[in-house]
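Participant: Dumping the structure here so I can ask a few things about it.
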Amino acid sequence: MATAYGPYGPGSAPRHRLVPPTLRAPFEARVWREFLYLLLSLPMAVLAFAYAVVMLSLGAGLLITFLGVPVLGAALAGCRGIGVVERARARALLRVEVAEPEPVRVAGGKRGPVSWVGALLKSGTSWRHVLYALLHLPWAIFAFTVAMVFACYGWGFAT
């Protein structure tokens, strides 16, 4: 039976309205998922940066031999794989839908590893994945530091 007082009865209000949003925020699941995303960004960025630098340096150094191009192709394929992991992490923790990149298209319908490596080297999407792997580290260091400082000081002030 509905009354003039609403669904909570006379003199009552929903519990979530009694606590201000600033006091509720530290205990919400969304905040902890976003905090976990920031904490995991630093180790992921270190791994991605190390992989990209080592593989690109190795591939560039081996370009004088026949091994340089396949190593560069492996570097680009690995950075695309890192992008897959980053998109999955954003979907799981931030609940953000990130579009998949365009697939690698081999020109002329040729099959084989040589044409696939050539298509990887020509793909702008693959190079953007490499750029992300290189630029994510400074941002992850900054975000990790700020998140930890605010979390520690916030809980310290709260206690």
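Following the order of the structure tokens, first chain is A, next is B, and so on, with residues numbered from 1 inside each chain and ligands from 1 in the order they appear.
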So that I can see what lies close to region 49-54 of chain A, please list as a CSV table (one decimal) with N, CA and C atoms, in the first residue's frame the residues with an atom at most 9 Å from it, counting only C-alpha atoms and leaving out residues fewer than 2 positions away in the same chain.
Facilitator:
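Okay, this is what ended up in result27.csv:
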chain,number,residue,atom,x,y,z
A,44,MET,N,52.4,-3.3,-15.7
A,44,MET,CA,52.1,-3.5,-17.1
A,44,MET,C,52.9,-2.6,-18.0
A,45,ALA,N,53.1,-1.3,-17.6
A,45,ALA,CA,53.8,-0.4,-18.4
A,45,ALA,C,55.3,-0.7,-18.4
A,46,VAL,N,55.8,-1.2,-17.3
A,46,VAL,CA,57.2,-1.6,-17.3
A,46,VAL,C,57.5,-2.7,-18.2
A,47,LEU,N,56.6,-3.7,-18.1
A,47,LEU,CA,56.8,-4.9,-19.0
A,47,LEU,C,56.7,-4.5,-20.5
A,56,LEU,N,62.7,-3.6,-30.4
A,56,LEU,CA,63.0,-2.6,-31.4
A,56,LEU,C,64.5,-2.4,-31.6
A,57,SER,N,65.2,-2.4,-30.5
A,57,SER,CA,66.7,-2.3,-30.6
A,57,SER,C,67.3,-3.5,-31.2
A,58,LEU,N,66.8,-4.7,-30.8
A,58,LEU,CA,67.3,-5.9,-31.4
A,58,LEU,C,67.0,-5.9,-32.9
A,59,GLY,N,65.8,-5.6,-33.3
A,59,GLY,CA,65.4,-5.6,-34.7
A,59,GLY,C,66.2,-4.6,-35.5
A,75,ALA,N,58.2,-7.8,-32.8
A,75,ALA,CA,58.1,-6.7,-31.9
A,75,ALA,C,56.7,-6.1,-32.1
A,76,LEU,N,56.3,-5.8,-33.3
A,76,LEU,CA,55.0,-5.2,-33.6
A,76,LEU,C,53.9,-6.2,-33.2
A,78,GLY,N,54.0,-8.5,-30.9
A,78,GLY,CA,54.0,-8.5,-29.4
A,78,GLY,C,53.3,-7.3,-28.9
A,79,CYS,N,53.6,-6.1,-29.4
A,79,CYS,CA,53.0,-4.9,-28.9
A,79,CYS,C,51.5,-4.9,-29.2
A,130,VAL,N,53.1,0.2,-30.5
A,130,VAL,CA,54.5,0.4,-30.1
A,130,VAL,C,54.6,1.8,-29.4
A,131,LEU,N,54.0,2.8,-30.0
A,131,LEU,CA,54.0,4.1,-29.3
A,131,LEU,C,53.4,4.1,-28.0
A,132,TYR,N,52.3,3.4,-27.9
A,132,TYR,CA,51.6,3.3,-26.6
A,132,TYR,C,52.5,2.6,-25.6
A,133,ALA,N,53.1,1.5,-26.0
A,133,ALA,CA,54.0,0.8,-25.1
A,133,ALA,C,55.2,1.7,-24.6
A,134,LEU,N,55.6,2.6,-25.4
A,134,LEU,CA,56.7,3.5,-25.0
A,134,LEU,C,56.3,4.6,-24.2
A,135,LEU,N,55.1,5.2,-24.5
A,135,LEU,CA,54.7,6.4,-23.7
A,135,LEU,C,53.8,6.1,-22.5
A,136,HIS,N,53.4,4.9,-22.3
A,136,HIS,CA,52.6,4.5,-21.2
A,136,HIS,C,53.4,4.5,-19.9
A,137,LEU,N,54.7,4.2,-19.9
A,137,LEU,CA,55.5,4.2,-18.7
A,137,LEU,C,55.6,5.5,-18.0
Participant: What lies within 9 Å of Leu63 (chain A) using only C-alpha atoms, ignoring chain neighbours under 6 positions off, as a count of residues only?
Facilitator: 3
Participant: Could the residues of region 28-101 of chain A that have an atom at most 10 Å from region 148-154 of chain A be listed as a Markdown table, each with its closest atom pair and the distance in Å to one decimal, counting only C-alpha atoms and ordered by chain and ascending residue number?
Facilitator:
| residue | atom | partner | partner_atom | distance |
| --- | --- | --- | --- | --- |
| A:Phe35 | CA | A:Met148 | CA | 9.0 |
| A:Leu38 | CA | A:Met148 | CA | 9.2 |
| A:Leu39 | CA | A:Met148 | CA | 8.4 |
Participant: Find the residues around Ala90 (chain A) up to 12 Å (only C-alpha atoms counted), leave out those fewer than 2 positions away in its own chain, and share them as a PDB file with N, CA and C atoms, in the first residue's frame.
Facilitator:
ATOM      1  N   ARG A  33      37.900  -0.661  -8.144  1.00  0.00           N
ATOM      2  CA  ARG A  33      38.295  -1.174  -9.467  1.00  0.00           C
ATOM      3  C   ARG A  33      39.205  -0.178 -10.175  1.00  0.00           C
ATOM      4  N   GLU A  34      38.879   1.110 -10.110  1.00  0.00           N
ATOM      5  CA  GLU A  34      39.704   2.126 -10.750  1.00  0.00           C
ATOM      6  C   GLU A  34      41.066   2.238 -10.070  1.00  0.00           C
ATOM      7  N   LEU A  36      42.613  -0.240  -8.516  1.00  0.00           N
ATOM      8  CA  LEU A  36      43.349  -1.432  -8.939  1.00  0.00           C
ATOM      9  C   LEU A  36      43.889  -1.262 -10.354  1.00  0.00           C
ATOM     10  N   TYR A  37      43.112  -0.635 -11.232  1.00  0.00           N
ATOM     11  CA  TYR A  37      43.583  -0.367 -12.585  1.00  0.00           C
ATOM     12  C   TYR A  37      44.850   0.491 -12.555  1.00  0.00           C
ATOM     13  N   LEU A  38      44.851   1.532 -11.730  1.00  0.00           N
ATOM     14  CA  LEU A  38      46.037   2.391 -11.615  1.00  0.00           C
ATOM     15  C   LEU A  38      47.221   1.640 -11.034  1.00  0.00           C
ATOM     16  N   LEU A  40      47.832  -1.583 -11.233  1.00  0.00           N
ATOM     17  CA  LEU A  40      48.328  -2.562 -12.201  1.00  0.00           C
ATOM     18  C   LEU A  40      48.957  -1.902 -13.424  1.00  0.00           C
ATOM     19  N   SER A  41      48.698  -0.631 -13.625  1.00  0.00           N
ATOM     20  CA  SER A  41      49.250   0.059 -14.793  1.00  0.00           C
ATOM     21  C   SER A  41      50.770   0.133 -14.742  1.00  0.00           C
ATOM     22  N   GLY A  83      48.451  -4.662 -26.460  1.00  0.00           N
ATOM     23  CA  GLY A  83      47.241  -3.859 -26.630  1.00  0.00           C
ATOM     24  C   GLY A  83      45.981  -4.666 -26.333  1.00  0.00           C
ATOM     25  N   VAL A  84      45.976  -5.934 -26.706  1.00  0.00           N
ATOM     26  CA  VAL A  84      44.822  -6.802 -26.400  1.00  0.00           C
ATOM     27  C   VAL A  84      44.649  -6.937 -24.889  1.00  0.00           C
ATOM     28  N   VAL A  85      45.760  -7.127 -24.186  1.00  0.00           N
ATOM     29  CA  VAL A  85      45.708  -7.253 -22.725  1.00  0.00           C
ATOM     30  C   VAL A  85      45.232  -5.944 -22.096  1.00  0.00           C
ATOM     31  N   GLU A  86      45.703  -4.811 -22.592  1.00  0.00           N
ATOM     32  CA  GLU A  86      45.301  -3.512 -22.045  1.00  0.00           C
ATOM     33  C   GLU A  86      43.808  -3.249 -22.270  1.00  0.00           C
ATOM     34  N   ARG A  87      43.312  -3.617 -23.445  1.00  0.00           N
ATOM     35  CA  ARG A  87      41.875  -3.441 -23.702  1.00  0.00           C
ATOM     36  C   ARG A  87      41.047  -4.346 -22.795  1.00  0.00           C
ATOM     37  N   ALA A  88      41.498  -5.563 -22.571  1.00  0.00           N
ATOM     38  CA  ALA A  88      40.785  -6.478 -21.674  1.00  0.00           C
ATOM     39  C   ALA A  88      40.813  -5.952 -20.236  1.00  0.00           C
ATOM     40  N   ALA A  92      37.504  -4.983 -18.027  1.00  0.00           N
ATOM     41  CA  ALA A  92      37.221  -5.662 -16.771  1.00  0.00           C
ATOM     42  C   ALA A  92      37.188  -4.700 -15.581  1.00  0.00           C
ATOM     43  N   LEU A  93      38.147  -3.791 -15.518  1.00  0.00           N
ATOM     44  CA  LEU A  93      38.258  -2.954 -14.324  1.00  0.00           C
ATOM     45  C   LEU A  93      37.559  -1.607 -14.447  1.00  0.00           C
ATOM     46  N   LEU A  94      37.617  -0.993 -15.609  1.00  0.00           N
ATOM     47  CA  LEU A  94      37.000   0.323 -15.783  1.00  0.00           C
ATOM     48  C   LEU A  94      35.601   0.252 -16.359  1.00  0.00           C
ATOM     49  N   ARG A  95      35.229  -0.935 -16.858  1.00  0.00           N
ATOM     50  CA  ARG A  95      33.926  -1.118 -17.501  1.00  0.00           C
ATOM     51  C   ARG A  95      33.765  -0.179 -18.695  1.00  0.00           C
ATOM     52  N   VAL A  96      34.860  -0.016 -19.453  1.00  0.00           N
ATOM     53  CA  VAL A  96      34.876   0.833 -20.634  1.00  0.00           C
ATOM     54  C   VAL A  96      35.035  -0.079 -21.846  1.00  0.00           C
ATOM     55  N   GLU A  97      34.217   0.119 -22.837  1.00  0.00           N
ATOM     56  CA  GLU A  97      34.308  -0.685 -24.055  1.00  0.00           C
ATOM     57  C   GLU A  97      35.247   0.017 -25.033  1.00  0.00           C
ATOM     58  N   VAL A  98      36.393  -0.603 -25.274  1.00  0.00           N
ATOM     59  CA  VAL A  98      37.382  -0.061 -26.191  1.00  0.00           C
ATOM     60  C   VAL A  98      37.306  -0.875 -27.475  1.00  0.00           C
ATOM     61  N   ALA A  99      37.198  -0.189 -28.596  1.00  0.00           N
ATOM     62  CA  ALA A  99      37.054  -0.876 -29.879  1.00  0.00           C
ATOM     63  C   ALA A  99      38.334  -1.626 -30.243  1.00  0.00           C
TER      64      ALA A  99
END
Participant: Please report the interatomic distance between CA of Pro70 (chain A) and CA of Met55 (chain A) in Å with one decimal.
Facilitator: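 Calculated distance between CA of Pro70 (chain A) and CA of Met55 (chain A) is 10.6 Å.
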Participant: To one decimal place in Å, what is the distance between CA of Pro103 (chain A) and CA of Ala48 (chain A)?
Facilitator: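 Taking CA of Pro103 (chain A) as the start and CA of Ala48 (chain A) as the end point, the length is 20.6 Å.
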Participant: Nearest to Leu120 (chain A): which of A:Gly156, A:Ala147, A:Ala140, A:Ala74 is it, counting only C-alpha atoms?
Facilitator: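 Nearest to Leu120 (chain A): A:Ala74.
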Participant: According to DSSP computed on the backbone, where in region 4-158 of chain A is there helix (DSSP H, G or I)? Give the residues as number ranges by chain.
Facilitator: A: 15-18, 21-27, 29-64, 68-94, 107-109, 113-122, 124-158
